[in-house]
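*Asks:* Okay, so here is final-v5.cif, and as you'll see once you scroll down, it has mmCIF, C-alpha atoms.
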```
data_start
loop_
_atom_site.label_atom_id
_atom_site.label_comp_id
_atom_site.auth_asym_id
_atom_site.auth_seq_id
_atom_site.Cartn_x
_atom_site.Cartn_y
_atom_site.Cartn_z
CA MET A 1331 70.73 -225.28 -19.99
CA ASP A 1332 70.94 -227.36 -16.84
CA VAL A 1333 74.17 -228.41 -15.14
CA ASP A 1334 74.55 -231.29 -17.62
CA GLY A 1335 74.15 -229.06 -20.67
CA ARG A 1336 70.60 -230.16 -21.40
CA PRO A 1337 67.76 -227.76 -22.27
CA HIS A 1338 66.32 -226.91 -18.87
CA ILE A 1339 62.66 -227.83 -18.42
CA GLU A 1340 61.21 -226.24 -15.28
CA LYS A 1341 58.44 -228.38 -13.84
CA LEU A 1342 55.65 -226.38 -12.22
CA GLY A 1343 53.70 -229.32 -10.79
CA THR A 1344 50.41 -231.19 -11.09
CA VAL A 1345 47.43 -229.41 -12.63
CA ASP A 1346 44.99 -232.33 -12.93
CA VAL A 1347 44.43 -235.98 -12.07
CA ASP A 1348 43.55 -238.73 -14.56
CA MET A 1349 44.05 -236.33 -17.47
CA VAL A 1350 46.28 -237.50 -20.34
CA GLU A 1351 47.11 -236.71 -23.95
CA THR A 1352 46.90 -232.91 -24.05
CA THR A 1353 48.25 -230.35 -26.54
CA PRO A 1354 48.74 -226.64 -25.77
CA VAL A 1355 48.15 -224.39 -28.79
CA VAL A 1356 47.91 -220.70 -29.55
CA PHE A 1357 44.75 -219.87 -31.51
CA ARG A 1358 43.79 -216.32 -32.46
CA GLY A 1359 46.34 -215.03 -29.97
CA LYS A 1360 44.96 -216.99 -27.01
CA LEU A 1361 46.50 -219.95 -25.21
CA TYR A 1362 44.38 -223.11 -25.17
CA ARG A 1363 44.91 -226.70 -24.11
CA PHE A 1364 43.45 -229.48 -26.20
CA ASP A 1365 42.19 -232.28 -23.94
CA TYR A 1366 41.51 -235.90 -24.76
CA MET A 1367 38.70 -236.76 -22.35
CA ASP A 1368 39.26 -240.33 -21.27
CA LYS A 1369 36.27 -242.18 -19.84
CA ARG A 1370 38.07 -242.40 -16.48
CA TYR A 1371 38.21 -238.64 -15.99
CA LYS A 1372 36.14 -237.37 -13.07
CA GLY A 1373 32.56 -236.57 -13.98
CA ASN A 1374 32.92 -237.76 -17.55
CA THR A 1375 29.66 -239.56 -18.34
CA ARG A 1376 29.94 -238.89 -22.07
CA GLY A 1377 32.69 -241.41 -22.79
CA ALA A 1378 35.77 -240.65 -24.88
CA HIS A 1379 35.67 -237.26 -26.62
CA PHE A 1380 37.71 -234.10 -27.22
CA ARG A 1381 37.49 -230.51 -25.97
CA PHE A 1382 39.60 -227.35 -25.57
CA LEU A 1383 40.34 -225.45 -22.37
CA ASP A 1384 40.88 -221.68 -22.36
CA LEU A 1385 43.91 -221.47 -20.07
CA GLU A 1386 43.16 -217.86 -19.12
CA THR A 1387 39.47 -218.14 -18.25
CA GLY A 1388 39.27 -221.84 -17.37
CA GLU A 1389 36.27 -222.24 -19.68
CA HIS A 1390 35.80 -225.35 -21.82
CA THR A 1391 34.64 -225.40 -25.42
CA PRO A 1392 31.74 -227.67 -26.43
CA PRO A 1393 32.76 -231.34 -26.65
CA PHE A 1394 33.28 -232.97 -30.03
CA ALA A 1395 34.57 -236.16 -31.66
CA ASP A 1396 32.58 -238.56 -29.49
CA GLY A 1397 34.13 -242.01 -29.35
CA HIS A 1398 37.54 -240.89 -30.59
CA HIS A 1399 40.78 -241.38 -28.71
CA LEU A 1400 44.29 -240.02 -28.20
CA GLY A 1401 43.90 -236.78 -30.11
CA SER A 1402 46.47 -234.13 -30.96
CA ALA A 1403 45.96 -230.52 -32.08
CA PHE A 1404 47.66 -228.38 -34.74
CA VAL A 1405 46.99 -224.74 -35.63
CA GLU A 1406 47.56 -223.09 -38.97
CA GLY A 1407 46.28 -219.58 -39.58
CA ASP A 1408 42.67 -219.25 -38.52
CA THR A 1409 41.98 -223.00 -38.37
CA VAL A 1410 42.51 -225.60 -35.68
CA TYR A 1411 43.05 -229.18 -36.80
CA VAL A 1412 42.74 -232.23 -34.55
CA THR A 1413 43.73 -235.78 -35.44
CA GLY A 1414 42.48 -238.75 -33.46
CA SER A 1415 42.06 -242.50 -33.62
CA SER A 1416 38.48 -243.63 -34.32
CA ALA A 1417 38.90 -246.46 -31.79
CA TRP A 1418 41.43 -247.50 -29.18
CA GLY A 1419 43.96 -249.32 -31.34
CA GLY A 1420 41.72 -248.96 -34.38
CA GLN A 1421 42.65 -248.81 -38.05
CA ARG A 1422 41.36 -245.30 -38.83
CA VAL A 1423 42.62 -241.78 -38.15
CA GLU A 1424 40.12 -238.93 -38.48
CA MET A 1425 40.74 -235.20 -38.95
CA PHE A 1426 38.58 -232.50 -37.35
CA ALA A 1427 38.81 -228.84 -38.35
CA SER A 1428 37.28 -225.67 -36.91
CA GLN A 1429 37.64 -221.90 -37.09
CA ASP A 1430 35.77 -221.16 -33.87
CA LEU A 1431 36.30 -224.25 -31.62
CA GLU A 1432 32.55 -224.84 -31.69
CA ASN A 1433 31.65 -225.98 -35.19
CA TRP A 1434 33.68 -228.86 -36.59
CA GLU A 1435 33.97 -230.59 -39.94
CA SER A 1436 35.66 -233.97 -40.20
CA TRP A 1437 37.09 -236.40 -42.72
CA ASN A 1438 39.09 -239.59 -42.85
CA VAL A 1439 42.89 -239.38 -43.00
CA LEU A 1440 43.95 -243.03 -42.83
CA ASP A 1441 42.09 -246.32 -43.06
CA LEU A 1442 44.61 -249.15 -42.69
CA PRO A 1443 43.17 -252.65 -42.21
CA GLY A 1444 45.42 -254.75 -39.99
CA PHE A 1445 46.90 -251.72 -38.20
CA ALA A 1446 46.41 -250.83 -34.55
CA ILE A 1447 46.75 -247.04 -34.26
CA PHE A 1448 47.09 -244.95 -31.09
CA ASN A 1449 48.72 -241.50 -30.68
CA THR A 1450 49.13 -239.01 -33.54
CA SER A 1451 51.10 -235.81 -34.09
CA MET A 1452 51.23 -233.57 -37.16
CA CYS A 1453 53.62 -230.87 -38.34
CA LYS A 1454 54.19 -228.67 -41.39
CA VAL A 1455 57.21 -229.53 -43.53
CA GLU A 1456 57.81 -226.87 -46.18
CA ASP A 1457 54.95 -227.32 -48.67
CA GLU A 1458 53.37 -230.43 -47.14
CA TYR A 1459 52.16 -231.93 -43.89
CA VAL A 1460 53.56 -234.99 -42.15
CA LEU A 1461 51.56 -237.10 -39.73
CA MET A 1462 53.28 -239.39 -37.23
CA PHE A 1463 51.09 -242.15 -35.85
CA GLU A 1464 51.77 -244.79 -33.23
CA ILE A 1465 51.21 -248.46 -34.08
CA SER A 1466 51.40 -251.83 -32.37
CA LYS A 1467 50.28 -253.82 -35.45
CA PRO A 1468 51.03 -255.22 -37.99
CA LYS A 1469 53.97 -257.01 -36.45
CA ASP A 1470 56.22 -256.71 -39.49
CA GLN A 1471 55.95 -252.89 -39.37
CA ALA A 1472 55.63 -252.34 -35.62
CA GLY A 1473 58.32 -254.77 -34.51
CA HIS A 1474 58.64 -254.32 -30.74
CA GLY A 1475 55.72 -251.91 -30.44
CA PHE A 1476 54.93 -249.18 -29.86
CA THR A 1477 56.39 -247.66 -33.02
CA ALA A 1478 56.16 -244.51 -35.16
CA ARG A 1479 54.91 -244.64 -38.77
CA PHE A 1480 54.32 -241.68 -41.06
CA ALA A 1481 52.04 -240.30 -43.78
CA ARG A 1482 52.24 -237.21 -46.01
CA SER A 1483 49.72 -234.78 -47.50
CA LYS A 1484 49.74 -231.61 -49.60
CA ASP A 1485 46.23 -230.50 -48.65
CA LEU A 1486 45.33 -232.25 -45.36
CA LYS A 1487 42.60 -234.15 -47.21
CA ASN A 1488 44.52 -236.68 -49.32
CA TRP A 1489 47.14 -238.67 -47.47
CA GLU A 1490 49.82 -241.07 -48.65
CA LEU A 1491 51.44 -243.64 -46.39
CA THR A 1492 55.23 -243.46 -46.47
CA PRO A 1493 57.26 -246.60 -47.30
CA PRO A 1494 57.53 -249.09 -44.41
CA GLU A 1495 61.20 -248.27 -43.87
CA CYS A 1496 60.04 -244.86 -42.58
CA VAL A 1497 59.72 -246.01 -39.00
CA TYR A 1498 61.08 -245.52 -35.48
CA ASP A 1499 61.94 -247.80 -33.67
CA LYS A 1500 61.07 -251.46 -34.34
CA THR A 1501 63.72 -252.82 -31.98
CA ARG A 1502 62.37 -251.50 -28.66
CA TYR A 1503 59.49 -249.79 -26.86
CA SER A 1504 59.53 -246.28 -28.35
CA ALA A 1505 55.99 -244.91 -28.21
CA PRO A 1506 55.92 -241.70 -30.31
CA HIS A 1507 54.14 -238.58 -29.15
CA VAL A 1508 55.48 -235.33 -30.65
CA LEU A 1509 56.69 -234.70 -34.20
CA ARG A 1510 58.40 -231.43 -35.07
CA TYR A 1511 60.40 -230.27 -38.09
CA PHE A 1512 63.12 -227.65 -38.18
CA ASP A 1513 66.02 -226.83 -40.47
CA GLY A 1514 66.00 -230.12 -42.38
CA TYR A 1515 65.40 -232.43 -39.40
CA TYR A 1516 62.37 -234.29 -38.14
CA TYR A 1517 62.33 -234.53 -34.34
CA ASN A 1518 60.46 -237.43 -32.74
CA PHE A 1519 59.86 -237.16 -28.98
CA TYR A 1520 58.89 -240.62 -27.74
CA LEU A 1521 58.45 -242.70 -24.59
CA ALA A 1522 61.05 -245.35 -23.82
CA GLY A 1523 61.23 -247.84 -20.97
CA SER A 1524 59.66 -250.93 -19.46
CA HIS A 1525 57.49 -252.08 -16.58
CA GLU A 1526 60.60 -253.34 -14.79
CA THR A 1527 62.39 -250.00 -14.71
CA GLU A 1528 60.89 -246.63 -15.65
CA TRP A 1529 59.47 -244.75 -18.60
CA VAL A 1530 61.27 -241.62 -19.81
CA MET A 1531 60.82 -239.16 -22.66
CA GLU A 1532 63.59 -239.29 -25.26
CA VAL A 1533 64.19 -237.62 -28.62
CA ALA A 1534 65.65 -238.76 -31.94
CA ARG A 1535 66.02 -236.84 -35.18
CA SER A 1536 66.16 -237.76 -38.87
CA VAL A 1537 66.49 -236.11 -42.27
CA ASP A 1538 64.51 -238.80 -44.10
CA LEU A 1539 62.34 -240.63 -41.50
CA ILE A 1540 64.49 -243.72 -42.10
CA HIS A 1541 67.87 -243.08 -40.50
CA TRP A 1542 67.69 -241.76 -36.94
CA GLU A 1543 70.10 -240.20 -34.47
CA THR A 1544 69.26 -240.26 -30.77
CA SER A 1545 70.15 -237.32 -28.60
CA PRO A 1546 73.36 -237.72 -26.57
CA LEU A 1547 71.53 -235.86 -23.79
CA ASN A 1548 68.57 -238.24 -23.40
CA PRO A 1549 66.35 -238.51 -21.46
CA VAL A 1550 64.35 -235.35 -22.11
CA MET A 1551 62.16 -235.90 -19.03
CA ARG A 1552 61.87 -238.46 -16.25
CA GLY A 1553 59.81 -238.84 -13.09
CA SER A 1554 60.86 -236.62 -10.18
CA ASP A 1555 59.55 -235.12 -6.94
CA GLU A 1556 58.75 -231.88 -8.76
CA ASP A 1557 55.87 -233.71 -10.48
CA ARG A 1558 54.06 -233.98 -7.14
CA VAL A 1559 53.91 -230.26 -6.42
CA VAL A 1560 50.29 -229.11 -6.56
CA ALA A 1561 49.96 -226.37 -9.16
CA ASN A 1562 46.17 -226.14 -9.24
CA ALA A 1563 44.34 -224.69 -6.24
CA ASP A 1564 41.13 -226.43 -7.31
CA LEU A 1565 42.44 -229.95 -6.72
CA THR A 1566 40.40 -231.72 -4.04
CA PRO A 1567 41.99 -233.15 -0.87
CA ALA A 1568 41.66 -236.63 -2.36
CA GLU A 1569 43.39 -235.53 -5.56
CA ARG A 1570 46.16 -233.85 -3.58
CA LYS A 1571 46.64 -237.08 -1.65
CA ARG A 1572 47.00 -238.99 -4.89
CA ALA A 1573 49.54 -236.49 -6.19
CA ALA A 1574 51.54 -236.96 -3.01
CA GLU A 1575 51.34 -240.75 -2.81
CA ASP A 1576 50.78 -242.33 -6.23
CA LYS A 1577 53.66 -244.28 -7.71
CA ASN A 1578 55.79 -242.23 -10.09
CA ASN A 1579 58.19 -243.97 -12.43
CA ASN A 1580 57.08 -242.22 -15.57
CA ASN A 1581 57.14 -238.99 -17.55
CA SER A 1582 55.29 -239.38 -20.83
CA ASP A 1583 53.05 -237.82 -23.48
CA VAL A 1584 54.69 -234.42 -23.52
CA ASP A 1585 53.53 -231.71 -25.90
CA TRP A 1586 54.08 -227.96 -26.09
CA CYS A 1587 53.62 -224.71 -27.93
CA GLU A 1588 55.63 -221.52 -28.09
CA TYR A 1589 53.91 -218.61 -26.35
CA GLU A 1590 55.34 -215.19 -25.54
CA GLY A 1591 58.95 -216.26 -26.08
CA ARG A 1592 58.95 -219.53 -24.17
CA LEU A 1593 57.54 -223.04 -24.40
CA ILE A 1594 54.48 -224.09 -22.43
CA LEU A 1595 54.61 -227.85 -21.87
CA PHE A 1596 52.13 -230.37 -20.53
CA TYR A 1597 53.06 -233.96 -19.75
CA CYS A 1598 51.83 -237.03 -17.89
CA TRP A 1599 53.39 -238.58 -14.83
CA GLY A 1600 52.50 -241.61 -12.75
CA ASN A 1601 52.79 -245.34 -13.26
CA GLN A 1602 51.99 -245.73 -16.99
CA GLN A 1603 49.70 -248.68 -16.28
CA GLY A 1604 46.39 -246.94 -16.87
CA ASP A 1605 45.25 -246.27 -13.31
CA GLY A 1606 47.56 -243.53 -12.09
CA LEU A 1607 48.46 -240.91 -14.67
CA HIS A 1608 48.34 -237.23 -13.78
CA LEU A 1609 48.86 -234.06 -15.77
CA GLY A 1610 51.88 -231.87 -15.10
CA LYS A 1611 52.80 -228.46 -16.45
CA ALA A 1612 56.28 -227.16 -17.23
CA VAL A 1613 58.01 -224.31 -19.04
CA TYR A 1614 61.17 -223.83 -21.06
CA ASP A 1615 62.58 -220.31 -21.20
CA GLY A 1616 63.46 -220.15 -24.86
CA THR A 1617 62.14 -220.68 -28.34
CA GLU A 1618 61.20 -223.97 -29.95
CA GLU A 1619 64.22 -223.61 -32.22
CA GLN A 1620 66.53 -223.36 -29.20
CA PHE A 1621 64.79 -226.29 -27.53
CA LEU A 1622 65.10 -228.61 -30.52
CA LYS A 1623 68.69 -227.69 -31.33
CA GLY A 1624 69.65 -227.95 -27.68
CA TRP A 1625 69.17 -231.73 -27.65
CA PHE A 1626 71.78 -232.15 -30.40
CA PRO A 1627 74.79 -229.97 -29.52
CA ALA A 1628 77.65 -229.77 -31.97
CA LYS A 1629 79.88 -231.01 -29.18
CA ARG A 1630 78.53 -233.11 -26.34
CA PRO A 1631 79.11 -231.40 -22.98
CA ARG A 1632 81.46 -233.24 -20.65
#
```
Using the file provided, produce a representation of the structure as structure tokens.

*Replies:*
Amino acid sequence: MDVDGRPHIEKLGTVDVDMVETTPVVFRGKLYRFDYMDKRYKGNTRGAHFRFLDLETGEHTPPFADGHHLGSAFVEGDTVYVTGSSAWGGQRVEMFASQDLENWESWNVLDLPGFAIFNTSMCKVEDEYVLMFEISKPKDQAGHGFTARFARSKDLKNWELTPPECVYDKTRYSAPHVLRYFDGYYYNFYLAGSHETEWVMEVARSVDLIHWETSPLNPVMRGSDEDRVVANADLTPAERKRAAEDKNNNNSDVDWCEYEGRLILFYCWGNQQGDGLHLGKAVYDGTEEQFLKGWFPAKRPR
């Protein structure tokens, strides 16, 4: 815990420039980072696609899912699953699955005419799977986008959209990024803020995806000088200059996995306007259970 009683996230610094939407996962005992390769990333002539990075060797897996955006990874047993939007703000979500990070099968998860879909995040909930997906349309369901909607599946192939009251939060900017489930609660980690102030990561929890409780300890993360520390020796002088000088009023798009007794987190920092987002790394010395529970103490610290 930090001095304010919040779970303490130790920022390690910037590991890449113009990299966004990543998910660390443990697969077959090894630590990987799923990367959404935006067209703006240095040297990317392929366009939008996905890949994995072996965080020990620095080697990349073969690219896949050409043309897809804003992916998120989930591991169960000997299979890696990746969900992603088939277009930027499109109506379809696709699932990709692999047992070796080289050969992928895919199928459609959602096809929702009239919807504009962005980020996704999936978790296991007892005997089913729940997918959170970010929408800005239709207006009656998104409200003041961006907003979380949800779908359920027993087998990862057949998905059912939850009722429209399963949503968070139509009244304000609350772009969802991470969905977790523990001990009867869904935890939604989302981005809140505005162009006039700053963007911060917050968390809310729910037992039914309808009624939500925000953490009394929000925000989870916000922009700080620690973001600018260079934590990758391979960054070029130009990239180091950007890390030192680019505007920073944002911490967003966090995701993590538990590895060797602590959480490994990656997140974005910068200006949240599309031309200045960088990738930061952080750690939390504890389990995911401790991290989730820590944002909702039985008694709020004074």

*Asks:* Using only C-alpha atoms, which of the listed residues (A:Ala1568, A:Glu1340, A:Val1356, A:Leu1521) sits closest to Glu1590 in chain A?

*Replies:*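 Checking each of A:Ala1568, A:Glu1340, A:Val1356, A:Leu1521 against Glu1590 in chain A, counting only C-alpha atoms, the winner is A:Val1356.
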
*Asks:* Could you state which residues are captured by the PyMOL selection byres ((chain A and resi 1435) around 12) in this file, as number ranges by chain?

*Replies:* A: 1394-1395, 1409-1413, 1424-1434, 1436-1438, 1487

*Asks:* List the residues matched by the PyMOL selection byres ((chain A and resi 1363) around 6) in the displayed structure as a list of chain:residue names, ordered by chain and then by residue number.

*Replies:*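 For this structure, the PyMOL selection byres ((chain A and resi 1363) around 6) captures A:Thr1353, A:Pro1354, A:Tyr1362, A:Phe1364, A:Phe1382, A:Leu1383.
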
*Asks:* Only C-alpha atoms, please: the residues just picked out, written as a PDB file, keeping the file's coordinate frame.

*Replies:*
```
ATOM      1  CA  THR A1353      48.250-230.350 -26.540  1.00  0.00           C
ATOM      2  CA  PRO A1354      48.740-226.640 -25.770  1.00  0.00           C
ATOM      3  CA  TYR A1362      44.380-223.110 -25.170  1.00  0.00           C
ATOM      4  CA  PHE A1364      43.450-229.480 -26.200  1.00  0.00           C
ATOM      5  CA  PHE A1382      39.600-227.350 -25.570  1.00  0.00           C
ATOM      6  CA  LEU A1383      40.340-225.450 -22.370  1.00  0.00           C
TER       7      LEU A1383
END
```

*Asks:* Smallest atom-to-atom distance to Trp1625 in chain A: which of A:Arg1370, A:Arg1336, A:Lys1611, A:His1541, using all atoms listed in the file?

*Replies:*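 So, comparing all the options, the nearest one is A:Arg1336.
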
*Asks:* Tell me which residues the PyMOL selection byres ((chain A and resi 1451) around 6) grabs here, as a list of chain:residue names.

*Replies:* A:Ser1402, A:Thr1450, A:Met1452, A:Leu1461, A:Met1462, A:Val1508, A:Leu1509

*Asks:* What is the CA of Leu1609 in chain A to CA of Ile1465 in chain A distance in Å?

*Replies:*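 Between CA of Leu1609 in chain A and CA of Ile1465 in chain A the gap works out to 23.4 Å.
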
*Asks:* Measuring atom to atom with only C-alpha atoms, identify which of A:Phe1463, A:Glu1495, A:Lys1484, A:Gly1407 is nearest to Tyr1520 in chain A.

*Replies:*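 Checking each of A:Phe1463, A:Glu1495, A:Lys1484, A:Gly1407 against Tyr1520 in chain A, counting only C-alpha atoms, the winner is A:Phe1463.
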
*Asks:* Here is a test: counting only C-alpha atoms, which residue of A:Asp1485, A:Glu1389, A:Glu1618, A:Asp1346 is nearest to Ala1573 in chain A?

*Replies:*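 Of all the options, A:Asp1346 lies closest to Ala1573 in chain A.
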
*Asks:* Could you please determine the separation between CA of Val1355 in chain A and CA of Glu1588 in chain A in Å, to one decimal place?

*Replies:* 8.0 Å

*Asks:* Which residues come within 12 Å of Ala1505 in chain A, counting only C-alpha atoms, excluding same-chain residues fewer than 6 positions away, as a ChimeraX atom specification?

*Replies:* /A:1447-1451,1462-1466,1472-1479,1497-1499,1518-1524,1529-1533,1582-1584,1602

*Asks:* Given the choices A:Met1349, A:His1399, A:Thr1566, A:Tyr1589, which gets closest to Leu1361 in chain A if the distance is worked out from all atoms listed in the file?

*Replies:*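 Comparing A:Met1349, A:His1399, A:Thr1566, A:Tyr1589 against Leu1361 in chain A, the winner is A:Tyr1589.
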